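As stored in query26.txt (compact mmCIF, C-alpha atoms):
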```
# COMPACT_ATOMS: atom_id res chain seq x y z
CA MET A 1 -9.19 -3.73 2.44
CA GLY A 2 -7.69 -6.02 5.04
CA PRO A 3 -5.97 -6.46 7.42
CA LEU A 4 -8.78 -4.59 9.17
CA THR A 5 -6.71 -3.17 12.00
CA PHE A 6 -3.88 -1.90 9.78
CA ASN A 7 -6.20 0.01 7.53
CA ASP A 8 -8.06 1.59 10.47
CA ILE A 9 -11.32 -0.16 9.62
CA ILE A 10 -11.23 -1.48 13.18
CA SER A 11 -9.78 0.88 15.77
CA THR A 12 -7.24 -0.29 18.34
CA GLU A 13 -9.80 -0.21 21.15
CA TRP A 14 -12.30 -2.37 19.28
CA ASN A 15 -9.43 -4.61 18.27
CA TYR A 16 -8.98 -5.57 21.94
CA VAL A 17 -12.70 -6.09 22.46
CA ILE A 18 -12.90 -8.36 19.43
CA ALA A 19 -9.76 -10.20 20.55
CA LEU A 20 -11.42 -10.85 23.91
CA LEU A 21 -14.56 -12.21 22.24
CA ILE A 22 -12.55 -14.45 19.91
CA GLY A 23 -10.51 -15.64 22.90
CA LEU A 24 -13.69 -16.52 24.82
CA ALA A 25 -15.06 -18.44 21.84
CA PHE A 26 -11.74 -20.22 21.37
CA GLY A 27 -11.62 -21.28 25.01
CA TYR A 28 -15.25 -22.39 24.95
CA ILE A 29 -14.73 -24.55 21.85
CA LEU A 30 -11.51 -26.02 23.28
CA GLU A 31 -13.39 -27.05 26.42
CA ALA A 32 -16.44 -28.27 24.53
CA SER A 33 -14.27 -30.48 22.30
CA GLY A 34 -12.71 -32.14 25.34
CA PHE A 35 -9.32 -30.47 25.14
CA SER A 36 -9.40 -29.68 28.83
CA SER A 37 -8.63 -33.34 29.50
CA SER A 38 -4.92 -34.00 29.66
CA ARG A 39 -5.48 -37.49 28.26
CA LYS A 40 -6.78 -36.04 25.04
CA LEU A 41 -3.54 -34.25 24.27
CA VAL A 42 -1.27 -37.01 25.46
CA GLY A 43 -3.23 -39.42 23.27
CA VAL A 44 -1.33 -38.08 20.26
CA PHE A 45 1.92 -39.38 21.69
CA TYR A 46 0.52 -42.77 22.68
CA GLY A 47 -1.48 -43.18 19.51
CA TYR A 48 -5.01 -43.50 20.82
CA ASP A 49 -6.34 -40.03 20.02
CA PHE A 50 -5.40 -37.77 17.13
CA VAL A 51 -7.96 -35.03 17.55
CA VAL A 52 -5.24 -32.50 18.34
CA ILE A 53 -3.42 -33.16 15.10
CA ARG A 54 -6.65 -33.07 13.15
CA VAL A 55 -7.83 -29.85 14.70
CA PHE A 56 -4.58 -27.96 14.35
CA MET A 57 -3.70 -29.14 10.86
CA THR A 58 -7.23 -28.32 9.72
CA ALA A 59 -7.04 -24.89 11.33
CA VAL A 60 -3.68 -24.13 9.74
CA SER A 61 -4.62 -25.25 6.24
CA VAL A 62 -8.07 -23.67 6.25
CA ALA A 63 -6.56 -20.38 7.42
CA MET A 64 -3.77 -20.59 4.85
CA ILE A 65 -6.04 -21.41 1.93
CA THR A 66 -8.57 -18.74 2.91
CA LEU A 67 -5.87 -16.09 3.28
CA LEU A 68 -4.45 -16.94 -0.13
CA TYR A 69 -7.87 -16.70 -1.75
CA LEU A 70 -8.62 -13.40 0.01
CA ASP A 71 -5.25 -12.05 -1.06
CA TYR A 72 -5.86 -13.16 -4.64
CA LEU A 73 -9.27 -11.50 -4.71
CA GLY A 74 -7.85 -8.29 -3.29
CA PHE A 75 -9.68 -8.32 0.04
CA LEU A 76 -6.51 -8.62 2.06
CA ASP A 77 -2.91 -7.59 1.65
CA PHE A 78 -0.85 -10.68 2.41
CA SER A 79 2.35 -8.66 2.73
CA LEU A 80 0.95 -6.64 5.66
CA LEU A 81 0.36 -9.68 7.87
CA TYR A 82 2.64 -10.08 10.84
CA VAL A 83 5.17 -12.89 10.52
CA VAL A 84 6.82 -14.08 13.72
CA PRO A 85 10.60 -13.61 13.46
CA THR A 86 12.70 -16.76 13.23
CA TYR A 87 15.52 -17.49 15.68
CA LEU A 88 16.30 -20.97 14.39
CA THR A 89 18.35 -22.75 17.09
CA PRO A 90 16.64 -21.21 20.14
CA GLN A 91 13.27 -22.02 18.63
CA ILE A 92 14.20 -25.65 18.04
CA VAL A 93 15.40 -25.95 21.65
CA GLY A 94 12.32 -24.10 22.88
CA SER A 95 9.96 -26.36 20.98
CA ILE A 96 11.66 -29.48 22.38
CA ILE A 97 11.20 -28.13 25.92
CA MET A 98 7.61 -27.20 25.15
CA GLY A 99 6.96 -30.65 23.65
CA LEU A 100 8.35 -32.33 26.77
CA GLY A 101 6.09 -30.19 28.94
CA PHE A 102 3.20 -31.09 26.68
CA LEU A 103 3.91 -34.81 27.04
CA MET A 104 4.51 -34.72 30.80
CA GLY A 105 1.69 -32.39 31.74
CA GLY A 106 -0.87 -33.21 29.10
CA PHE A 107 -1.71 -29.59 28.46
CA CYS A 108 -0.67 -26.79 26.21
CA PRO A 109 -0.95 -23.30 27.71
CA GLY A 110 -4.41 -22.70 26.21
CA THR A 111 -5.93 -26.02 27.23
CA SER A 112 -4.45 -25.74 30.74
CA LEU A 113 -6.43 -22.51 31.19
CA THR A 114 -9.64 -24.19 30.02
CA ALA A 115 -8.90 -26.95 32.55
CA VAL A 116 -8.50 -24.29 35.26
CA ALA A 117 -11.82 -22.81 34.17
CA ILE A 118 -13.65 -26.06 34.90
CA GLY A 119 -11.72 -26.54 38.16
CA LYS A 120 -9.37 -29.39 37.28
CA ILE A 121 -6.62 -29.74 39.85
CA ASP A 122 -4.00 -30.97 37.36
CA GLY A 123 -4.76 -27.93 35.22
CA ILE A 124 -4.24 -25.60 38.18
CA VAL A 125 -0.91 -27.26 39.00
CA PHE A 126 0.16 -27.07 35.35
CA THR A 127 -0.69 -23.35 35.18
CA GLY A 128 1.32 -22.81 38.37
CA GLY A 129 4.19 -24.53 36.56
CA ILE A 130 3.85 -22.14 33.64
CA TRP A 131 4.19 -19.13 35.99
CA LEU A 132 7.21 -20.74 37.66
CA GLY A 133 8.73 -21.35 34.25
CA ILE A 134 8.16 -17.73 33.23
CA LEU A 135 9.78 -16.56 36.48
CA GLY A 136 12.73 -18.93 35.99
CA PHE A 137 13.23 -17.81 32.40
CA SER A 138 13.10 -14.14 33.37
CA GLU A 139 15.59 -14.57 36.21
CA ALA A 140 17.95 -16.60 34.05
CA TYR A 141 17.58 -14.29 31.06
CA PRO A 142 20.95 -12.50 31.48
CA TYR A 143 22.71 -15.86 31.21
CA ILE A 144 20.81 -17.13 28.19
CA GLU A 145 20.33 -13.81 26.42
CA ASP A 146 23.04 -14.46 23.81
CA PHE A 147 21.61 -17.85 22.98
CA ASN A 148 18.08 -16.48 22.99
CA ASN A 149 18.95 -13.95 20.31
CA SER A 150 21.14 -16.19 18.16
CA GLY A 151 20.27 -17.55 14.75
CA TYR A 152 18.10 -14.59 13.79
CA MET A 153 16.74 -14.97 10.27
CA GLY A 154 14.21 -12.16 10.12
CA ASN A 155 10.45 -12.31 9.52
CA ILE A 156 10.58 -15.16 7.05
CA THR A 157 8.17 -17.84 5.95
CA ILE A 158 9.01 -21.25 4.50
CA MET A 159 7.78 -19.99 1.14
CA ASP A 160 10.20 -17.04 1.17
CA GLN A 161 13.13 -19.02 2.47
CA PHE A 162 12.93 -21.88 -0.04
CA ASP A 163 11.35 -19.81 -2.78
CA ILE A 164 8.27 -22.00 -3.12
CA ASN A 165 5.13 -20.77 -4.80
CA PRO A 166 2.65 -20.21 -1.90
CA TYR A 167 -0.18 -21.86 -3.87
CA THR A 168 1.85 -25.02 -4.45
CA PHE A 169 2.88 -25.02 -0.82
CA ALA A 170 -0.71 -24.67 0.41
CA PHE A 171 -1.85 -27.50 -1.85
CA GLY A 172 1.05 -29.71 -0.71
CA PHE A 173 0.23 -28.95 2.91
CA ALA A 174 -3.43 -29.85 2.36
CA VAL A 175 -2.46 -33.17 0.78
CA VAL A 176 -0.09 -33.93 3.67
CA ALA A 177 -2.88 -33.03 6.12
CA VAL A 178 -5.37 -35.40 4.50
CA ILE A 179 -2.75 -38.19 4.43
CA ALA A 180 -2.04 -37.50 8.12
CA PHE A 181 -5.75 -37.69 8.96
CA THR A 182 -6.12 -41.00 7.13
CA ALA A 183 -2.98 -42.46 8.74
CA ALA A 184 -4.13 -41.27 12.15
CA SER A 185 -7.51 -42.95 11.85
CA MET A 186 -5.82 -46.16 10.68
CA ILE A 187 -3.45 -46.17 13.66
CA ARG A 188 -6.33 -45.40 15.95
CA ARG A 189 -8.24 -48.45 14.82
CA LYS A 190 -5.29 -50.69 15.67
CA VAL A 191 -4.66 -49.26 19.13
CA LYS A 192 -6.81 -50.47 21.98
CA GLU A 193 -9.57 -48.02 22.71
CA ILE A 194 -9.22 -46.15 25.96
CA GLN A 195 -12.20 -44.82 27.77
CA TYR A 196 -11.81 -41.52 29.55
CA MET B 1 -20.03 -39.93 10.40
CA GLN B 2 -17.30 -41.42 8.25
CA LYS B 3 -19.04 -40.22 5.09
CA ARG B 4 -19.10 -36.68 6.35
CA TYR B 5 -15.36 -36.75 7.00
CA ILE B 6 -14.65 -38.06 3.52
CA PHE B 7 -16.84 -35.35 1.99
CA LEU B 8 -15.12 -32.62 4.02
CA ALA B 9 -11.67 -33.97 3.15
CA LEU B 10 -12.55 -33.96 -0.54
CA LEU B 11 -13.97 -30.44 -0.35
CA PHE B 12 -10.80 -29.37 1.40
CA LEU B 13 -8.62 -30.87 -1.34
CA VAL B 14 -10.73 -29.29 -4.06
CA MET B 15 -10.38 -25.85 -2.44
CA ALA B 16 -6.64 -26.35 -2.07
CA SER B 17 -6.15 -27.56 -5.64
CA GLY B 18 -8.21 -24.57 -6.82
CA LEU B 19 -5.25 -22.43 -5.77
CA LEU B 20 -3.08 -24.24 -8.30
CA PHE B 21 -5.35 -23.31 -11.17
CA LEU B 22 -5.79 -19.63 -10.36
CA PRO B 23 -4.93 -17.67 -13.47
CA ASP B 24 -2.00 -15.35 -13.00
CA MET B 25 -3.56 -12.05 -12.26
CA GLU B 26 -1.36 -9.08 -12.76
CA LYS B 27 -2.15 -7.10 -9.70
CA LYS B 28 -2.25 -3.38 -10.05
CA THR B 29 -1.09 -2.65 -6.58
CA GLN B 30 -2.60 0.52 -5.30
CA ILE B 31 -1.14 2.71 -2.60
CA GLU B 32 -2.91 3.05 0.72
CA PRO B 33 -5.93 5.38 0.58
CA SER B 34 -4.59 7.37 3.54
CA ALA B 35 -1.26 7.94 1.80
CA LEU B 36 -3.05 9.10 -1.33
CA LEU B 37 -5.20 11.47 0.70
CA ASN B 38 -2.11 12.90 2.38
CA ASP B 39 -0.45 13.55 -0.94
CA ILE B 40 -3.58 15.11 -2.36
CA HIS B 41 -3.76 17.53 0.55
CA SER B 42 -0.14 18.55 0.37
CA ASN B 43 0.53 20.97 -2.44
CA ASN B 44 4.01 19.66 -3.20
CA ARG B 45 2.82 18.31 -6.51
CA ARG B 46 2.03 21.75 -7.90
CA LEU B 47 4.91 23.36 -9.73
CA SER B 48 4.56 26.99 -10.74
CA THR B 49 4.85 28.11 -14.33
CA ASP B 50 7.95 30.14 -13.42
CA GLU B 51 9.68 27.07 -12.05
CA ILE B 52 8.87 25.00 -15.12
CA ALA B 53 9.91 27.83 -17.46
CA LYS B 54 13.23 28.08 -15.67
CA ARG B 55 13.80 24.34 -15.88
CA ILE B 56 12.97 24.27 -19.58
CA ILE B 57 15.34 27.16 -20.23
CA ASP B 58 18.07 25.50 -18.17
CA GLY B 59 17.59 22.31 -20.17
CA ASP B 60 16.88 20.20 -17.06
CA PRO B 61 17.52 16.61 -18.22
CA ILE B 62 15.09 15.01 -15.76
CA LEU B 63 12.18 17.23 -16.72
CA PHE B 64 9.49 15.26 -18.55
CA LEU B 65 6.46 17.24 -19.66
CA VAL B 66 3.31 15.28 -20.39
CA ASP B 67 0.53 17.00 -22.29
CA VAL B 68 -2.70 15.25 -21.29
CA ARG B 69 -4.94 17.12 -23.74
CA THR B 70 -6.17 15.75 -27.04
CA GLU B 71 -3.86 15.35 -29.99
CA ALA B 72 -5.46 18.22 -31.91
CA GLU B 73 -4.91 20.60 -29.02
CA PHE B 74 -1.37 19.32 -28.64
CA ASN B 75 -0.64 20.00 -32.29
CA ASN B 76 -2.10 23.44 -31.96
CA TYR B 77 0.19 24.46 -29.12
CA SER B 78 2.38 22.66 -26.65
CA LEU B 79 5.32 23.30 -24.41
CA PRO B 80 8.73 22.60 -25.92
CA GLY B 81 9.84 18.99 -25.40
CA ALA B 82 6.43 17.83 -24.19
CA VAL B 83 5.01 14.41 -25.02
CA ASN B 84 1.33 14.06 -25.81
CA ILE B 85 -0.42 11.35 -23.79
CA PRO B 86 -4.16 12.08 -23.86
CA LEU B 87 -5.78 11.33 -20.50
CA GLN B 88 -7.85 8.42 -21.81
CA ASP B 89 -4.67 6.74 -23.13
CA LEU B 90 -2.65 7.34 -19.99
CA LEU B 91 -3.01 3.82 -18.61
CA ASN B 92 -2.48 2.09 -21.96
CA GLU B 93 0.39 -0.34 -21.81
CA ASP B 94 2.16 1.56 -24.57
CA TRP B 95 2.57 4.53 -22.30
CA THR B 96 3.20 2.78 -19.01
CA GLY B 97 6.92 2.78 -19.62
CA TYR B 98 6.90 6.57 -19.81
CA VAL B 99 4.94 7.29 -16.65
CA ASP B 100 5.91 4.36 -14.39
CA GLN B 101 9.56 5.12 -13.69
CA ASP B 102 11.69 6.67 -10.95
CA ILE B 103 14.23 8.82 -12.78
CA LEU B 104 12.40 11.65 -14.50
CA ASP B 105 10.15 14.25 -12.94
CA ILE B 106 6.84 13.91 -14.72
CA ILE B 107 4.88 17.14 -15.05
CA PHE B 108 1.30 16.80 -16.27
CA TYR B 109 -0.33 19.78 -17.85
CA GLY B 110 -3.55 20.59 -19.65
CA ASN B 111 -5.37 23.79 -20.48
CA ASP B 112 -6.09 24.17 -16.79
CA ASP B 113 -5.73 21.89 -13.76
CA ILE B 114 -8.64 19.55 -14.37
CA LEU B 115 -7.18 16.95 -16.73
CA SER B 116 -3.71 17.11 -15.26
CA GLU B 117 -4.99 16.59 -11.70
CA GLN B 118 -6.97 13.57 -12.88
CA ALA B 119 -3.87 12.16 -14.51
CA TRP B 120 -1.91 12.80 -11.32
CA VAL B 121 -4.45 10.98 -9.13
CA LEU B 122 -4.68 8.02 -11.50
CA CYS B 123 -0.92 7.55 -11.63
CA LYS B 124 -0.42 8.28 -7.95
CA GLN B 125 -2.93 5.57 -7.01
CA LEU B 126 -0.92 3.05 -8.98
CA GLY B 127 2.14 4.00 -6.96
CA TYR B 128 4.03 5.79 -9.74
CA GLN B 129 6.72 8.18 -8.60
CA ASN B 130 7.87 11.77 -9.15
CA LEU B 131 4.54 13.08 -10.37
CA TYR B 132 3.77 16.80 -10.58
CA VAL B 133 1.16 19.10 -12.01
CA LEU B 134 1.77 22.36 -13.79
CA ASP B 135 -0.10 24.79 -11.57
CA GLY B 136 -2.85 26.45 -13.58
CA GLY B 137 -1.98 24.67 -16.79
CA LEU B 138 -1.46 26.44 -20.09
CA ASN B 139 -3.86 29.25 -19.19
CA GLN B 140 -1.60 30.19 -16.32
CA TRP B 141 1.39 29.68 -18.57
CA PHE B 142 0.09 32.27 -21.01
CA ALA B 143 -0.96 34.64 -18.27
CA THR B 144 2.44 34.60 -16.57
CA ILE B 145 5.15 33.51 -18.97
CA MET B 146 3.95 34.36 -22.45
CA LEU B 147 2.16 37.60 -21.67
CA PRO B 148 3.58 38.81 -18.37
CA GLU B 149 1.94 41.79 -16.79
CA LYS B 150 4.09 44.69 -15.79
CA PRO B 151 3.94 45.30 -12.06
CA GLY B 152 2.70 48.63 -10.81
CA GLU B 153 5.11 51.37 -9.91
CA LEU B 154 4.90 50.66 -6.20
CA ALA B 155 5.64 46.95 -6.59
CA SER B 156 8.56 45.39 -4.76
CA ASN B 157 11.93 44.62 -6.27
CA GLU B 158 11.11 40.91 -6.34
CA GLU B 159 8.11 41.56 -8.49
CA PHE B 160 10.20 43.53 -10.92
CA ASP B 161 12.82 40.76 -10.96
CA LEU B 162 10.09 38.23 -11.62
CA PHE B 163 8.73 40.41 -14.38
CA SER B 164 12.09 40.74 -16.05
CA PHE B 165 12.57 36.96 -15.80
CA ARG B 166 9.16 36.40 -17.33
CA THR B 167 9.83 38.89 -20.11
CA GLY B 168 13.08 37.08 -20.88
CA ALA B 169 11.31 33.74 -20.76
CA SER B 170 8.55 34.92 -23.05
CA ILE B 171 11.14 35.98 -25.61
CA PHE B 172 12.81 32.59 -25.16
CA PHE B 173 9.54 30.79 -25.81
CA GLY B 174 8.89 32.89 -28.85
CA SER B 175 6.18 35.16 -27.68
CA GLY B 176 6.18 38.65 -29.10
CA THR B 177 6.21 40.46 -25.81
CA THR B 178 8.24 43.26 -27.26
CA GLU B 179 5.81 43.52 -30.11
CA ILE B 180 3.00 43.74 -27.64
CA ALA B 181 4.76 46.52 -25.83
CA VAL B 182 5.00 48.39 -29.06
CA LYS B 183 1.41 47.64 -29.96
CA ALA B 184 0.20 49.17 -26.79
CA LYS B 185 -2.35 51.87 -27.53
CA PRO B 186 -1.69 53.37 -30.86
CA LYS B 187 -1.82 57.08 -30.48
CA LYS B 188 -4.95 58.72 -31.71
CA GLU B 189 -4.26 60.75 -34.70
CA LYS B 190 -5.38 64.19 -34.09
CA LYS B 191 -7.73 65.38 -36.64
CA THR B 192 -6.31 68.48 -37.94
CA ILE B 193 -8.89 70.86 -38.97
CA PRO B 194 -7.44 73.50 -40.99
CA VAL B 195 -8.25 76.67 -39.37
CA ARG B 196 -8.11 79.67 -41.46
CA LYS B 197 -6.24 82.31 -39.73
CA LYS B 198 -7.96 85.47 -39.52
CA VAL B 199 -5.97 88.03 -41.18
CA LYS B 200 -5.59 90.82 -38.89
CA ALA B 201 -6.91 93.86 -40.37
CA GLU B 202 -4.37 96.52 -40.25
CA ALA B 203 -5.34 99.47 -38.41
CA GLU B 204 -6.42 101.99 -40.76
CA GLY B 205 -5.99 105.53 -40.59
CA GLY B 206 -4.04 107.33 -38.08
CA CYS B 207 -4.68 109.41 -35.32
```
Hey, can you dump this file as structure tokens for me?
Amino acid sequence: MGPLTFNDIISTEWNYVIALLIGLAFGYILEASGFSSSRKLVGVFYGYDFVVIRVFMTAVSVAMITLLYLDYLGFLDFSLLYVVPTYLTPQIVGSIIMGLGFLMGGFCPGTSLTAVAIGKIDGIVFTGGIWLGILGFSEAYPYIEDFNNSGYMGNITIMDQFDINPYTFAFGFAVVAVIAFTAASMIRRKVKEIQY
Amino acid sequence: MQKRYIFLALLFLVMASGLLFLPDMEKKTQIEPSALLNDIHSNNRRLSTDEIAKRIIDGDPILFLVDVRTEAEFNNYSLPGAVNIPLQDLLNEDWTGYVDQDILDIIFYGNDDILSEQAWVLCKQLGYQNLYVLDGGLNQWFATIMLPEKPGELASNEEFDLFSFRTGASIFFGSGTTEIAVKAKPKKEKKTIPVRKKVKAEAEGGC
């Protein structure tokens, strides 16, 4: 049956409408959970707030487990899902740069937009920085093109690459997530509480 | 608050560990419905009786005829070299090796198209390859190959060529076409009624 768009159960036009609605809901929940505050995100690095880790690890594992169950029950064809292609070295470098931006600015691209939506000045400046960064990357592209396209490994997943049973991997990931949540709450208790 | 987190974490772990205990399900992967529909609409799967006859005569090594009728019907008459897989047994594991392969051309046939088309759809859905249907089934086979009809006098050369091929094929497959030609309309025996000739009376007398 699924993915719904591939099998023409949802047409391309409706696909965009639904994407817009999901995006609105996502932004609303981000804002409502306090992600539009830069201190919330930076808290992960300083050890006083681990909501980001909790939210994203929960999201990833819930999605993974649900997809595997749906695939098993025949509601969804796992092999038709889009897998982002891997360019190993450029992606490592890119994630370091992104992480630095995260730490310095206190936003990720999504949360910076929610901050803009509620009129935070630091969010507006951060978003301006994103546009500058995009412009800089585009202008410099001819010089970094070779590096950008190096280390191509195709549309792989960890399970394909290391030949791990997806079910075992999902279970292992869930265990790691729960351990991370427990460790995070223990660290949090030791660090001085910060009001913001 | 804390209790709720512990409950959710446990639920989460239970769901995740459930994945480990899923029994191995052998998935019968089906092809996309749209692809199936496309193939149903295209008539590429239908092979004419002439084509099949020619391939049997030529001894085509990749030709694999599957008779989907019952065993009794198969024993009564079947095409040379055909294998009998009744429709209800088609998806038995014993037969899967015959129909799920990519080397031979599988031609399903029945008395007509009904059973063979069903067999074709079933196998096609499961993604099997090189599947065909004998167009018209054995009825068509008899009408064209075993008992070919002589084209009319105004028919084209191709029709006569086809007829001569079919006549040859029917002899090959052991039909008594020649016999039939001979049988055609035994002449009515004329009843001979003996007619007594009138004896002409000789003219008597003279002038």
Applying 7 Å and only C-alpha atoms, which residues near Ser48 in chain B remain after dropping the ones on its own chain fewer than 4 positions away? List them as a PDB file with C-alpha atoms, in the frame of the given file.
```pdb
ATOM      1  CA  ILE B  52       8.870  25.000 -15.120  1.00  0.00           C
ATOM      2  CA  LEU B 134       1.770  22.360 -13.790  1.00  0.00           C
ATOM      3  CA  ASP B 135      -0.100  24.790 -11.570  1.00  0.00           C
TER       4      ASP B 135
END
```
Within 12 Å of chain A: each chain B residue with its shortest pair, all atoms listed in the file, as a Markdown table:
```
| residue | atom | partner | partner_atom | distance |
| --- | --- | --- | --- | --- |
| B:Gln2 | CA | A:Ser185 | CA | 10.5 |
| B:Tyr5 | CA | A:Phe181 | CA | 9.9 |
| B:Ile6 | CA | A:Val178 | CA | 9.7 |
| B:Phe7 | CA | A:Val178 | CA | 11.7 |
| B:Leu8 | CA | A:Val178 | CA | 10.1 |
| B:Ala9 | CA | A:Val178 | CA | 6.6 |
| B:Leu10 | CA | A:Val178 | CA | 8.9 |
| B:Leu11 | CA | A:Ala174 | CA | 10.9 |
| B:Phe12 | CA | A:Ala174 | CA | 7.4 |
| B:Leu13 | CA | A:Ala174 | CA | 6.5 |
| B:Val14 | CA | A:Phe171 | CA | 9.3 |
| B:Met15 | CA | A:Ile65 | CA | 7.6 |
| B:Ala16 | CA | A:Phe171 | CA | 4.9 |
| B:Ser17 | CA | A:Phe171 | CA | 5.7 |
| B:Gly18 | CA | A:Phe171 | CA | 8.6 |
| B:Leu19 | CA | A:Tyr167 | CA | 5.4 |
| B:Leu20 | CA | A:Tyr167 | CA | 5.8 |
| B:Phe21 | CA | A:Tyr167 | CA | 9.1 |
| B:Leu22 | CA | A:Tyr72 | CA | 8.6 |
| B:Pro23 | CA | A:Tyr72 | CA | 10.0 |
| B:Asp24 | CA | A:Tyr72 | CA | 9.5 |
| B:Met25 | CA | A:Tyr72 | CA | 8.0 |
| B:Glu26 | CA | A:Tyr72 | CA | 10.1 |
| B:Lys27 | CA | A:Gly74 | CA | 8.7 |
| B:Lys28 | CA | A:Gly74 | CA | 10.1 |
| B:Thr29 | CA | A:Gly74 | CA | 9.4 |
| B:Gln30 | CA | A:Gly74 | CA | 10.5 |
| B:Ile31 | CA | A:Asp77 | CA | 11.3 |
| B:Glu32 | CA | A:Asn7 | CA | 8.2 |
| B:Pro33 | CA | A:Asn7 | CA | 8.8 |
| B:Ser34 | CA | A:Asn7 | CA | 8.5 |
| B:Ala35 | CA | A:Asn7 | CA | 11.0 |
```
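In this structure, CA of Pro90 in chain A sits 10.4 Å away from CA of Glu145 in chain A.
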- Message: Quick one: residues within 12 Å of Tyr132 in chain B, all atoms listed in the file, excluding same-chain residues fewer than 5 positions away - as a ChimeraX atom specification?
- Response: /B:39-40,42-49,51-52,63-66,99,104-109,113,116-121,123-124,137
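The protein and nucleic acid residues lying at most 8 Å from range 41-55 of chain A are Phe35, Ser37, Ser38, Arg39, Met57, Thr58, Ala59, Phe102, Leu103, Gly106, Phe107, Ala177, Phe181, Ala184, Ser185, Ile187, Arg188, Val191, Lys192, Glu193 and Ile194 of chain A, with only C-alpha atoms considered and sequence neighbours fewer than 2 positions away removed.
Residues in contact with range 79-87 of chain B at 8 Å, where only C-alpha atoms are counted and same-chain residues fewer than 2 positions away are skipped, are listed as Ile56, Phe64, Leu65, Val66, Asp67, Val68, Arg69, Thr70, Glu71, Phe74, Tyr77, Asp89, Leu90, Trp95, Leu115 and Ala119 of chain B.
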Limited to C-alpha atoms, could you put the picked residues into a file as a PDB file, in the frame of the given file?
```pdb
ATOM      1  CA  ILE B  56      12.970  24.270 -19.580  1.00  0.00           C
ATOM      2  CA  PHE B  64       9.490  15.260 -18.550  1.00  0.00           C
ATOM      3  CA  LEU B  65       6.460  17.240 -19.660  1.00  0.00           C
ATOM      4  CA  VAL B  66       3.310  15.280 -20.390  1.00  0.00           C
ATOM      5  CA  ASP B  67       0.530  17.000 -22.290  1.00  0.00           C
ATOM      6  CA  VAL B  68      -2.700  15.250 -21.290  1.00  0.00           C
ATOM      7  CA  ARG B  69      -4.940  17.120 -23.740  1.00  0.00           C
ATOM      8  CA  THR B  70      -6.170  15.750 -27.040  1.00  0.00           C
ATOM      9  CA  GLU B  71      -3.860  15.350 -29.990  1.00  0.00           C
ATOM     10  CA  PHE B  74      -1.370  19.320 -28.640  1.00  0.00           C
ATOM     11  CA  TYR B  77       0.190  24.460 -29.120  1.00  0.00           C
ATOM     12  CA  ASP B  89      -4.670   6.740 -23.130  1.00  0.00           C
ATOM     13  CA  LEU B  90      -2.650   7.340 -19.990  1.00  0.00           C
ATOM     14  CA  TRP B  95       2.570   4.530 -22.300  1.00  0.00           C
ATOM     15  CA  LEU B 115      -7.180  16.950 -16.730  1.00  0.00           C
ATOM     16  CA  ALA B 119      -3.870  12.160 -14.510  1.00  0.00           C
TER      17      ALA B 119
END
```
- What does the distance between CA of Leu88 in chain A and CA of Ser150 in chain A come to in Å, to one decimal place? 7.8 Å
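In this model, the gap between CA of Met186 in chain A and CA of Gly105 in chain A comes to 26.3 Å.
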